[in-house]
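What follows is input11.tsv (TSV, C-alpha atoms and all ligand atoms).
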```
chain	number	residue	atom	x	y	z
E	45	MET	CA	-4.35	41.68	72.61
E	46	ALA	CA	-5.97	39.23	70.17
E	47	SER	CA	-3.92	36.25	69.02
E	48	LEU	CA	-2.71	35.80	65.41
E	49	GLU	CA	-5.35	33.09	64.88
E	50	GLU	CA	-8.15	35.38	66.12
E	51	LEU	CA	-6.97	38.28	63.96
E	52	ARG	CA	-6.74	35.99	60.92
E	53	ALA	CA	-10.27	34.73	61.59
E	54	GLN	CA	-11.54	38.35	61.62
E	55	LEU	CA	-9.65	39.03	58.37
E	56	GLY	CA	-11.30	35.96	56.84
E	57	SER	CA	-14.79	37.39	57.58
E	58	VAL	CA	-13.81	40.72	56.01
E	59	ASP	CA	-12.51	38.86	52.91
E	60	ASP	CA	-15.83	36.99	52.66
E	61	LYS	CA	-17.67	40.33	52.58
E	62	ILE	CA	-15.24	41.71	49.95
E	63	VAL	CA	-15.74	38.63	47.74
E	64	GLU	CA	-19.53	38.94	48.04
E	65	LEU	CA	-19.39	42.64	47.16
E	66	TYR	CA	-16.95	41.95	44.32
E	67	GLU	CA	-19.39	39.48	42.78
E	68	GLU	CA	-22.24	41.93	43.22
E	69	ARG	CA	-20.16	44.65	41.52
E	70	MET	CA	-19.18	42.40	38.60
E	71	LYS	CA	-22.84	41.42	38.10
E	72	LEU	CA	-23.75	45.10	37.79
E	73	CYS	CA	-20.87	45.66	35.35
E	74	GLU	CA	-22.18	42.78	33.25
E	75	GLU	CA	-25.60	44.44	33.11
E	76	ILE	CA	-23.95	47.73	32.17
E	77	GLY	CA	-22.07	45.78	29.46
E	78	ILE	CA	-25.38	44.59	27.94
E	79	CYS	CA	-26.78	48.11	28.16
E	80	LYS	CA	-23.69	49.49	26.37
E	81	ILE	CA	-23.95	46.94	23.54
E	82	GLU	CA	-27.69	47.60	23.08
E	83	ASN	CA	-27.19	51.35	22.96
E	84	GLY	CA	-23.84	51.44	21.15
E	85	TYR	CA	-22.00	53.14	24.05
E	86	LYS	CA	-18.22	52.85	24.27
E	87	THR	CA	-16.91	50.26	26.76
E	88	PHE	CA	-14.02	52.25	28.15
E	89	ASP	CA	-15.20	55.42	29.90
E	90	ARG	CA	-11.95	57.03	31.01
E	91	GLN	CA	-13.60	60.02	32.73
E	92	ARG	CA	-16.04	57.86	34.66
E	93	GLU	CA	-13.15	55.71	35.90
E	94	LYS	CA	-11.13	58.76	36.96
E	95	ASN	CA	-14.12	60.08	38.92
E	96	THR	CA	-14.72	56.72	40.61
E	97	ILE	CA	-11.07	56.45	41.67
E	98	THR	CA	-11.00	60.03	43.01
E	99	ASP	CA	-14.27	59.42	44.92
E	100	VAL	CA	-13.05	56.27	46.66
E	101	MET	CA	-9.66	57.86	47.44
E	102	ASN	CA	-11.43	60.81	49.08
E	103	LYS	CA	-13.36	58.44	51.32
E	104	VAL	CA	-10.27	57.14	53.17
E	105	SER	CA	-8.15	59.10	55.62
E	106	SER	CA	-4.49	58.04	55.67
E	107	ASP	CA	-2.13	58.59	52.74
E	108	ILE	CA	-1.17	54.92	52.62
E	109	ASN	CA	-4.83	53.88	52.37
E	110	LYS	CA	-5.51	56.51	49.70
E	111	LYS	CA	-2.76	55.09	47.51
E	112	GLY	CA	-3.84	51.54	48.31
E	113	ILE	CA	-7.54	51.99	47.51
E	114	GLY	CA	-6.53	53.86	44.34
E	115	GLU	CA	-4.49	50.86	43.17
E	116	VAL	CA	-7.23	48.37	44.13
E	117	TYR	CA	-9.79	50.35	42.12
E	118	GLU	CA	-7.48	50.68	39.11
E	119	GLN	CA	-7.40	46.88	39.01
E	120	LEU	CA	-11.09	46.48	39.73
E	121	LEU	CA	-12.14	48.80	36.92
E	122	ALA	CA	-9.66	47.19	34.50
E	123	ILE	CA	-11.24	43.80	35.26
E	124	SER	CA	-14.83	44.96	34.76
E	125	ARG	CA	-13.75	46.52	31.47
E	126	LYS	CA	-12.24	43.20	30.38
E	127	LEU	CA	-15.53	41.46	31.18
E	128	GLN	CA	-17.32	43.99	28.96
E	129	TYR	CA	-14.82	43.47	26.08
E	130	LYS	CA	-15.54	39.74	26.31
E	131	GLN	CA	-19.27	40.48	26.10
E	132	LEU	CA	-18.63	42.63	23.01
E	133	VAL	CA	-16.62	39.87	21.28
E	134	GLU	CA	-19.32	37.31	22.13
E	135	ALA	CA	-21.92	39.64	20.61
E	136	GLY	CA	-19.84	39.53	17.39
E	137	ALA	CA	-18.83	43.19	17.49
E	138	LEU	CA	-15.37	42.89	15.92
E	139	GLY	CA	-15.32	46.38	14.50
E	140	ARG	CA	-12.91	45.81	11.56
E	141	LEU	CA	-12.67	43.84	8.35
E	142	PRO	CA	-11.42	40.48	9.59
E	143	PHE	CA	-8.32	38.60	8.48
E	144	ILE	CA	-9.18	35.62	6.28
E	145	GLY	CA	-7.89	32.21	7.41
E	146	ILE	CA	-6.21	30.20	4.62
E	147	ASP	CA	-4.82	26.64	4.54
E	148	LEU	CA	-1.60	27.21	2.56
E	149	LEU	CA	0.45	29.91	0.86
E	150	ASP	CA	0.73	29.57	-2.93
E	151	LYS	CA	4.50	29.06	-2.67
E	152	ASP	CA	4.86	27.31	-6.05
E	153	THR	CA	3.32	30.02	-8.19
E	154	ALA	CA	4.24	33.07	-6.12
E	155	ARG	CA	6.59	35.83	-7.27
E	156	VAL	CA	8.96	36.71	-4.45
E	157	VAL	CA	11.17	39.76	-3.93
E	158	PHE	CA	14.19	40.17	-1.64
E	159	GLN	CA	16.46	43.10	-0.90
E	160	GLY	CA	20.15	42.92	-1.81
E	161	THR	CA	22.33	41.23	-4.38
E	162	GLU	CA	22.55	37.64	-5.62
E	163	GLY	CA	24.07	35.65	-2.77
E	164	ALA	CA	22.65	37.85	0.02
E	165	TYR	CA	21.48	36.25	3.28
E	166	SER	CA	17.97	37.44	2.33
E	167	GLN	CA	18.15	35.27	-0.78
E	168	ALA	CA	19.24	32.30	1.33
E	169	ALA	CA	16.29	32.95	3.67
E	170	MET	CA	13.91	33.22	0.70
E	171	GLU	CA	15.12	29.87	-0.71
E	172	HIS	CA	14.79	28.32	2.72
E	173	TYR	CA	11.12	29.39	2.92
E	174	PHE	CA	9.95	29.22	-0.71
E	175	GLY	CA	12.35	26.62	-2.16
E	176	LYS	CA	15.37	26.95	-4.46
E	177	ASP	CA	13.36	27.25	-7.68
E	178	CYS	CA	10.93	29.95	-6.59
E	179	ASN	CA	10.13	32.74	-9.03
E	180	ASN	CA	12.05	35.72	-7.62
E	181	TYR	CA	13.85	39.00	-8.19
E	182	HIS	CA	15.75	41.48	-6.04
E	183	VAL	CA	15.65	45.21	-5.34
E	184	HIS	CA	18.15	47.63	-3.78
E	185	THR	CA	16.28	48.84	-0.70
E	186	PHE	CA	13.81	47.58	1.92
E	187	ARG	CA	11.44	50.38	0.88
E	188	GLU	CA	11.46	49.16	-2.74
E	189	ALA	CA	10.57	45.66	-1.50
E	190	MET	CA	7.66	47.07	0.54
E	191	GLU	CA	6.46	49.09	-2.48
E	192	ALA	CA	6.64	46.01	-4.72
E	193	ILE	CA	4.29	44.21	-2.31
E	194	GLU	CA	1.91	47.12	-1.90
E	195	GLU	CA	1.65	47.64	-5.66
E	196	GLY	CA	1.31	43.91	-6.33
E	197	ALA	CA	4.52	43.67	-8.42
E	198	ALA	CA	5.45	40.76	-6.14
E	199	ASP	CA	3.25	38.47	-4.03
E	200	TYR	CA	5.68	38.10	-1.13
E	201	ALA	CA	8.81	39.80	0.21
E	202	VAL	CA	11.40	38.26	2.54
E	203	LEU	CA	12.91	40.85	4.89
E	204	PRO	CA	15.26	40.65	7.90
E	205	ILE	CA	13.62	41.85	11.12
E	206	GLU	CA	15.95	40.79	13.92
E	207	ASN	CA	19.47	39.49	14.49
E	208	SER	CA	20.29	37.42	17.54
E	209	THR	CA	23.28	39.59	18.45
E	210	ALA	CA	22.68	42.98	16.78
E	211	GLY	CA	18.93	43.16	17.69
E	212	ALA	CA	16.03	44.69	15.74
E	213	VAL	CA	16.27	45.97	12.17
E	214	ASN	CA	14.62	49.32	12.94
E	215	GLU	CA	13.95	50.32	9.35
E	216	ILE	CA	11.73	47.27	8.82
E	217	TYR	CA	9.66	48.10	11.92
E	218	ASP	CA	9.11	51.63	10.63
E	219	LEU	CA	8.16	50.38	7.15
E	220	LEU	CA	5.65	47.92	8.62
E	221	VAL	CA	3.83	50.93	10.08
E	222	GLU	CA	4.07	53.03	6.92
E	223	PHE	CA	2.82	50.36	4.48
E	224	GLU	CA	-0.36	48.33	4.77
E	225	ASN	CA	1.30	44.97	4.26
E	226	TYR	CA	0.92	41.90	6.48
E	227	ILE	CA	3.30	39.31	7.90
E	228	VAL	CA	2.33	35.76	6.86
E	229	GLY	CA	5.46	33.80	7.72
E	230	GLU	CA	8.90	33.81	9.24
E	231	THR	CA	12.12	31.88	8.90
E	232	ILE	CA	15.35	31.93	10.90
E	233	ILE	CA	18.71	31.24	9.31
E	234	PRO	CA	22.16	31.00	10.88
E	235	ILE	CA	24.57	33.81	10.02
E	236	LYS	CA	27.96	32.16	9.62
E	237	ASN	CA	30.57	34.04	7.66
E	238	THR	CA	33.53	32.48	5.91
E	239	LEU	CA	36.75	33.77	4.43
E	240	SER	CA	36.41	32.86	0.76
E	241	GLY	CA	38.75	33.32	-2.19
E	242	LEU	CA	39.36	32.13	-5.74
E	243	PRO	CA	39.56	28.34	-6.11
E	244	GLY	CA	43.09	27.04	-5.54
E	245	THR	CA	44.06	29.95	-3.25
E	246	ASP	CA	46.05	29.25	-0.08
E	247	ILE	CA	45.18	31.42	2.92
E	248	SER	CA	48.88	32.45	3.18
E	249	GLU	CA	48.53	34.26	-0.19
E	250	ILE	CA	45.84	36.69	1.09
E	251	GLU	CA	46.76	40.37	1.46
E	252	ARG	CA	43.37	42.12	1.27
E	253	VAL	CA	39.81	41.30	2.48
E	254	TYR	CA	36.54	42.85	1.35
E	255	SER	CA	33.22	42.82	3.23
E	256	LYS	CA	30.45	44.87	4.78
E	257	ALA	CA	31.85	46.94	7.69
E	258	GLU	CA	29.67	45.11	10.27
E	259	ALA	CA	30.79	41.70	8.98
E	260	LEU	CA	34.46	42.74	9.28
E	261	MET	CA	33.78	43.86	12.83
E	262	GLN	CA	31.94	40.62	13.69
E	263	ALA	CA	35.05	38.64	12.62
E	264	SER	CA	37.48	40.86	14.53
E	265	HIS	CA	39.18	38.00	16.43
E	266	PHE	CA	39.91	36.04	13.27
E	267	LEU	CA	41.02	39.11	11.31
E	268	GLY	CA	43.09	40.27	14.30
E	269	ASP	CA	45.23	37.14	13.86
E	270	HIS	CA	46.01	38.44	10.35
E	271	GLY	CA	46.79	42.04	11.24
E	272	ASP	CA	48.76	42.59	8.02
E	273	TRP	CA	45.66	42.11	5.81
E	274	GLN	CA	44.17	45.30	4.40
E	275	GLN	CA	40.41	45.50	5.21
E	276	ILE	CA	38.13	47.22	2.69
E	277	SER	CA	34.45	47.79	3.36
E	278	VAL	CA	31.82	47.44	0.61
E	279	ALA	CA	28.00	47.68	0.62
E	280	ASN	CA	27.28	44.05	1.53
E	281	THR	CA	28.88	40.62	1.91
E	282	ALA	CA	27.50	39.25	-1.39
E	283	LEU	CA	29.00	42.20	-3.27
E	284	ALA	CA	32.37	41.41	-1.65
E	285	ALA	CA	32.16	37.82	-2.96
E	286	LYS	CA	31.20	39.12	-6.43
E	287	LYS	CA	34.22	41.46	-6.41
E	288	ILE	CA	36.63	38.58	-5.70
E	289	LEU	CA	35.27	36.72	-8.73
E	290	GLU	CA	35.52	39.82	-10.93
E	291	ASP	CA	39.05	40.85	-9.77
E	292	GLN	CA	40.51	37.36	-10.34
E	293	ASP	CA	43.34	38.22	-7.92
E	294	LYS	CA	44.40	35.43	-5.57
E	295	ARG	CA	45.64	37.96	-3.00
E	296	HIS	CA	42.02	39.10	-2.41
E	297	ALA	CA	39.37	37.36	-0.28
E	298	ALA	CA	35.84	38.13	0.95
E	299	VAL	CA	34.20	37.76	4.33
E	300	CYS	CA	30.84	36.36	3.18
E	301	SER	CA	28.40	33.49	3.68
E	302	ALA	CA	29.16	30.02	2.33
E	303	TYR	CA	26.02	30.61	0.25
E	304	ALA	CA	27.46	33.77	-1.41
E	305	ALA	CA	30.77	31.93	-1.95
E	306	SER	CA	28.93	29.15	-3.80
E	307	VAL	CA	26.87	31.64	-5.88
E	308	TYR	CA	30.12	33.29	-7.11
E	309	GLY	CA	32.16	30.07	-7.44
E	310	LEU	CA	34.60	30.86	-4.61
E	311	SER	CA	36.31	28.40	-2.28
E	312	VAL	CA	35.92	28.60	1.48
E	313	LEU	CA	39.39	29.21	2.99
E	314	ALA	CA	38.17	29.43	6.61
E	315	ASP	CA	34.67	28.56	7.90
E	316	ASN	CA	32.54	30.20	10.61
E	317	ILE	CA	34.99	33.00	11.40
E	318	ASN	CA	32.53	35.19	13.36
E	319	ASP	CA	33.51	35.99	16.96
E	320	GLU	CA	29.97	34.99	18.04
E	321	LYS	CA	29.46	31.46	16.75
E	322	ASN	CA	25.68	31.22	17.30
E	323	ASN	CA	24.51	34.21	15.32
E	324	SER	CA	21.20	34.00	13.43
E	325	THR	CA	18.73	36.32	11.73
E	326	ARG	CA	14.94	36.12	11.71
E	327	PHE	CA	13.30	37.03	8.40
E	328	ILE	CA	9.61	37.84	7.91
E	329	VAL	CA	7.51	37.04	4.84
E	330	ILE	CA	5.06	39.80	3.94
E	331	THR	CA	2.15	40.13	1.53
E	332	ASN	CA	-0.56	42.70	0.76
E	333	GLN	CA	-3.45	40.27	1.43
E	334	LYS	CA	-5.16	40.40	4.83
E	335	VAL	CA	-4.73	36.66	5.41
E	336	PHE	CA	-3.35	34.28	8.03
E	337	LEU	CA	-2.55	30.58	7.96
E	338	LYS	CA	-5.20	28.67	9.91
E	339	ASP	CA	-2.49	26.89	11.91
E	340	ALA	CA	-0.59	30.12	12.69
E	341	THR	CA	0.75	30.40	16.26
E	342	LYS	CA	2.26	33.88	16.59
E	343	ILE	CA	0.69	37.34	16.31
E	344	SER	CA	2.50	40.65	15.79
E	345	ILE	CA	0.76	43.92	16.59
E	346	CYS	CA	1.80	47.54	16.97
E	347	LEU	CA	0.13	50.34	18.91
E	348	GLU	CA	0.66	53.77	20.41
E	349	LEU	CA	0.09	54.61	24.06
E	350	PRO	CA	-1.14	57.77	25.71
E	351	HIS	CA	1.65	59.57	27.59
E	352	GLU	CA	0.20	58.61	30.98
E	353	SER	CA	1.49	56.92	34.07
E	354	SER	CA	1.07	53.10	34.05
E	355	SER	CA	-0.48	53.02	30.54
E	356	LEU	CA	1.96	50.25	29.49
E	357	TYR	CA	1.28	48.34	32.71
E	358	HIS	CA	-2.48	48.34	32.03
E	359	LEU	CA	-1.98	47.42	28.42
E	360	LEU	CA	0.12	44.39	29.28
E	361	SER	CA	-2.54	43.19	31.72
E	362	HIS	CA	-4.68	42.16	28.70
E	363	PHE	CA	-2.14	39.43	27.93
E	364	ALA	CA	-2.03	38.15	31.51
E	365	TYR	CA	-5.82	38.28	31.93
E	366	ASN	CA	-6.42	36.29	28.73
E	367	ASP	CA	-3.58	33.80	29.47
E	368	LEU	CA	-1.59	34.85	26.42
E	369	ASN	CA	2.17	34.49	26.33
E	370	MET	CA	3.93	37.62	25.14
E	371	THR	CA	7.22	36.73	23.43
E	372	LYS	CA	8.67	40.10	22.43
E	373	ILE	CA	8.24	43.83	22.87
E	374	GLU	CA	10.13	46.56	20.97
E	375	SER	CA	9.62	50.29	21.02
E	376	ARG	CA	10.38	52.85	18.33
E	377	PRO	CA	10.23	56.64	18.70
E	378	MET	CA	7.21	58.20	17.00
E	379	GLU	CA	7.89	60.68	14.22
E	380	GLY	CA	7.20	64.28	15.27
E	381	LYS	CA	6.46	63.35	18.91
E	382	SER	CA	9.54	63.62	21.11
E	383	TRP	CA	9.76	60.95	23.81
E	384	GLU	CA	6.57	59.17	22.70
E	385	TYR	CA	6.87	55.60	21.52
E	386	ARG	CA	5.12	53.08	19.35
E	387	PHE	CA	5.24	49.53	20.73
E	388	PHE	CA	5.63	46.37	18.66
E	389	ILE	CA	4.44	43.26	20.48
E	390	ASP	CA	4.62	39.58	19.53
E	391	PHE	CA	2.53	37.02	21.38
E	392	GLU	CA	1.52	33.39	20.96
E	393	GLY	CA	-1.94	32.74	19.55
E	394	ASN	CA	-4.24	32.49	16.57
E	395	LEU	CA	-6.69	35.20	15.45
E	396	ALA	CA	-9.51	32.66	15.63
E	397	ASP	CA	-8.97	32.06	19.40
E	398	PRO	CA	-11.60	33.73	21.64
E	399	ALA	CA	-8.85	34.73	24.14
E	400	VAL	CA	-6.95	36.53	21.34
E	401	LYS	CA	-10.13	38.30	20.19
E	402	ASN	CA	-10.85	39.46	23.75
E	403	ALA	CA	-7.31	40.73	24.27
E	404	ILE	CA	-7.23	42.57	20.93
E	405	ARG	CA	-10.60	44.15	21.64
E	406	GLY	CA	-9.30	45.50	24.96
E	407	LEU	CA	-5.94	46.57	23.55
E	408	ARG	CA	-7.65	48.41	20.69
E	409	GLU	CA	-9.92	50.34	23.07
E	410	GLU	CA	-7.12	51.35	25.41
E	411	SER	CA	-4.39	52.32	22.94
E	412	ARG	CA	-4.18	54.40	19.76
E	413	ASN	CA	-3.80	53.16	16.19
E	414	LEU	CA	-3.55	49.47	17.00
E	415	ARG	CA	-2.64	47.44	13.93
E	416	ILE	CA	-2.48	43.71	13.59
E	417	LEU	CA	0.70	43.21	11.55
E	418	GLY	CA	0.08	39.52	11.01
E	419	ASN	CA	-0.57	36.04	12.35
E	420	TYR	CA	1.92	33.43	11.22
E	501	LIG	O1	-19.83	52.95	34.47
E	501	LIG	C1	-19.58	52.25	33.47
E	501	LIG	O2	-19.74	52.66	32.32
E	501	LIG	C2	-19.06	50.88	33.63
E	501	LIG	O3	-19.01	50.15	32.69
E	501	LIG	C3	-18.51	50.49	34.94
E	501	LIG	C4	-17.02	50.73	35.05
E	501	LIG	C5	-16.66	50.34	36.52
E	501	LIG	O4	-16.20	49.21	36.73
E	501	LIG	O5	-16.87	51.16	37.39
E	501	LIG	C6	-16.31	49.86	34.08
E	501	LIG	C7	-15.77	50.31	32.89
E	501	LIG	C8	-15.83	51.72	32.49
E	501	LIG	O6	-14.67	52.14	31.84
E	501	LIG	C9	-16.20	52.59	33.59
E	501	LIG	C10	-16.68	52.13	34.79
```

Please rewrite the model in this file as structure tokens.
Amino acid sequence: MASLEELRAQLGSVDDKIVELYEERMKLCEEIGICKIENGYKTFDRQREKNTITDVMNKVSSDINKKGIGEVYEQLLAISRKLQYKQLVEAGALGRLPFIGIDLLDKDTARVVFQGTEGAYSQAAMEHYFGKDCNNYHVHTFREAMEAIEEGAADYAVLPIENSTAGAVNEIYDLLVEFENYIVGETIIPIKNTLSGLPGTDISEIERVYSKAEALMQASHFLGDHGDWQQISVANTALAAKKILEDQDKRHAAVCSAYAASVYGLSVLADNINDEKNNSTRFIVITNQKVFLKDATKISICLELPHESSSLYHLLSHFAYNDLNMTKIESRPMEGKSWEYRFFIDFEGNLADPAVKNAIRGLREESRNLRILGNY
């Protein structure tokens, strides 16, 4: 029986042959790539790949080798495809109207819309991004904000997309698909609720609290210590603060942000009463212009995948192959297609980077309806 060293030496010679053949194969794929560009043929030939994989699987005998060679070829073909996407990008075949790189957003002259009432967290986020004196107005629903951007009634909208404890705001994801608007910025603000009442109120006088149902729930430990208080839910936390001002009853208090309390002239009776002390919400800034800041570092895309085994696995390989760091993935059910999903992916990069262009080229070819939602 041969020793481990001898067997490893034999394996080394086999690996040398594989490497040589691999290089020979990639060289041929490169030539095919040129031929495809010159003749306008599609890079990804799904049927050809299926045939190749079946052929090589039929050439081996044992089941374990069949599965193994199948997997090796899946990878091999995916890599030659990626080489051909790179060739396409280098030949300048981008295929779509490009995003335009800009130096700055016109924050001083812009008209900005947010959803909610005066004192809402969205307003606080808007002021954080655009400044306290920005020209703004508010609407009742997220859809109305999206429409205002699409129609050009406002230049930018500030909308919540994700909370650190509650997760994604699904409606915003769905609206990003429905409307052709683009993300150009983001801002994260802490969500810290207070118990606020009329100035001069002592907490011992309180008998009733108003707030949004979720905000009452998120302060359940604090409110549990005051079990005799009546809890009344209203549409949002800013509205609760407004009600306290209007009622002028010292027995009433609101669970709302310190920002809403200041907007409605209330005093903070207890600060940061949420059970989870490090809660924050990420807001996106959207516009109807296909632009991106030249120093942008994050890209959001969405796409649909064929209902096939390992389609997500192959899709994600475009990030690894191009050394791109994926920071988030969300899925949402697709309307009218039970158990099929649309994926929303965030990754680090700038649309001007060659690696990003290569990855997007590959992702576009191998998924359906890919949309770049923004680079910010
Ligand atoms: O035959 C082709 O069209 C090729 O480009 C070669 C190849 C392969 O590596 O075998 C690569 C990509 C295609 O999707 C199909 C097959």

How would you write, as a short mmCIF file (atom, residue, chain, number, x, y, z; two decimals) with C-alpha atoms, in the frame of the given file, the set of residues no farther than 9 Å from ligand LIG 501 (chain E) when counting only C-alpha atoms and all ligand atoms?
```
data_model
loop_
_atom_site.label_atom_id
_atom_site.label_comp_id
_atom_site.auth_asym_id
_atom_site.auth_seq_id
_atom_site.Cartn_x
_atom_site.Cartn_y
_atom_site.Cartn_z
CA ARG E 69 -20.16 44.65 41.52
CA MET E 70 -19.18 42.40 38.60
CA LEU E 72 -23.75 45.10 37.79
CA CYS E 73 -20.87 45.66 35.35
CA GLU E 74 -22.18 42.78 33.25
CA GLU E 75 -25.60 44.44 33.11
CA ILE E 76 -23.95 47.73 32.17
CA GLY E 77 -22.07 45.78 29.46
CA LYS E 80 -23.69 49.49 26.37
CA TYR E 85 -22.00 53.14 24.05
CA LYS E 86 -18.22 52.85 24.27
CA THR E 87 -16.91 50.26 26.76
CA PHE E 88 -14.02 52.25 28.15
CA ASP E 89 -15.20 55.42 29.90
CA ARG E 90 -11.95 57.03 31.01
CA GLN E 91 -13.60 60.02 32.73
CA ARG E 92 -16.04 57.86 34.66
CA GLU E 93 -13.15 55.71 35.90
CA LYS E 94 -11.13 58.76 36.96
CA THR E 96 -14.72 56.72 40.61
CA ILE E 97 -11.07 56.45 41.67
CA TYR E 117 -9.79 50.35 42.12
CA LEU E 120 -11.09 46.48 39.73
CA LEU E 121 -12.14 48.80 36.92
CA ALA E 122 -9.66 47.19 34.50
CA ILE E 123 -11.24 43.80 35.26
CA SER E 124 -14.83 44.96 34.76
CA ARG E 125 -13.75 46.52 31.47
CA LYS E 126 -12.24 43.20 30.38
CA LEU E 127 -15.53 41.46 31.18
CA GLN E 128 -17.32 43.99 28.96
#
```

- Message: Given all atoms listed in the file as the basis, pick out the residue of E:Arg187, E:Lys151, E:Lys286, E:Arg408 nearest to Tyr217 in chain E.
- Response: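 Nearest candidate to Tyr217 in chain E out of E:Arg187, E:Lys151, E:Lys286, E:Arg408: E:Arg187.
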
- Atomic distance CA of Glu206 in chain E - CA of Tyr420 in chain E, expressed in Å with one decimal: 16.1 Å

- Message: With distances taken over only C-alpha atoms, which residue among E:Lys321, E:Arg252, E:Arg326, E:Lys334 lies nearest His265 in chain E?
- Response: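 Ranking E:Lys321, E:Arg252, E:Arg326, E:Lys334 by distance to His265 in chain E, first place goes to E:Lys321.
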
- Would you please work out which residue, of E:Leu242, E:Leu267, E:Ile389, E:Ala154, is nearest to Ala297 in chain E when using all atoms listed in the file? E:Leu242

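Between Ala189 in chain E and the residues E:Thr331, E:Ser255, E:Thr98, E:Thr209, the shortest atom-to-atom distance, using only C-alpha atoms, involves E:Thr331.
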
- Query: Neighbours of Ile233 in chain E within 7 Å (all atoms listed in the file; same-chain residues fewer than 3 positions away dropped), as a list in words?
  - Reply: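 Skipping anything fewer than 3 positions along the chain leaves Ala169, Ser324, Thr325 and Arg326 of chain E.
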
- Item | Minimum-distance residue to Tyr129 in chain E, chosen among E:Ser382, E:Ser106, E:Asn402, E:Thr281 (using only C-alpha atoms) | E:Asn402

- Task: May I ask which of the residues E:Ala364, E:Ala263, E:Leu289, E:Ile232 is the closest one to Phe327 in chain E, counting all atoms listed in the file?
- Result: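 Under the stated criterion, the closest residue is E:Ile232.
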
- Message: What's the separation between CA of Asp199 in chain E and CA of Ala279 in chain E, in Å to one decimal place?
- Response: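 Interatomic distance, CA of Asp199 in chain E to CA of Ala279 in chain E: 26.8 Å.
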
- Item | Straight-line distance linking CA of Gly406 in chain E with CA of Val116 in chain E, stated in Å to one decimal |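 Taking CA of Gly406 in chain E as the start and CA of Val116 in chain E as the end point, the length is 19.5 Å.
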
Return as AutoDock Vina command-line options the centre and edge lengths, in Å with one decimal, of the box along x, y and z that encloses every atom of range 118-128 of chain E in the file, padded by 5 Å per side.
```
--center_x -12.4 --center_y 46.1 --center_z 34.3 --size_x 19.9 --size_y 19.2 --size_z 20.8
```

- Residue neighbourhood Asp339 in chain E, 10 Å, only C-alpha atoms, exclusion window fewer than 3 positions, as JSON, numbers by chain: {"E": [145, 146, 147, 148, 336, 342, 393, 394, 395, 396, 419, 420]}

- Message: If we draw a sphere of 12 Å around (33.1, 43.6, 16.5), which residues have at least one atom in it when counting only C-alpha atoms? Please report them as a PyMOL selection string.
- Response: chain E and resi 209-210+257-268+317-320

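Within 10 Å of Val299 in chain E, once all atoms listed in the file are used and residues closer than 6 positions along the same chain are dropped, the contacting residues are Lys236, Asn237, Thr238, Leu239, Ser240, Gly241, Val253, Tyr254, Ser255, Lys256, Ala259, Leu260, Ala263, Leu267, Gln275, Asn280, Thr281, Ala282, Ala284, Ala285, Ala305, Val312, Ala314, Asp315, Asn316, Ile317 and Asn318 of chain E.
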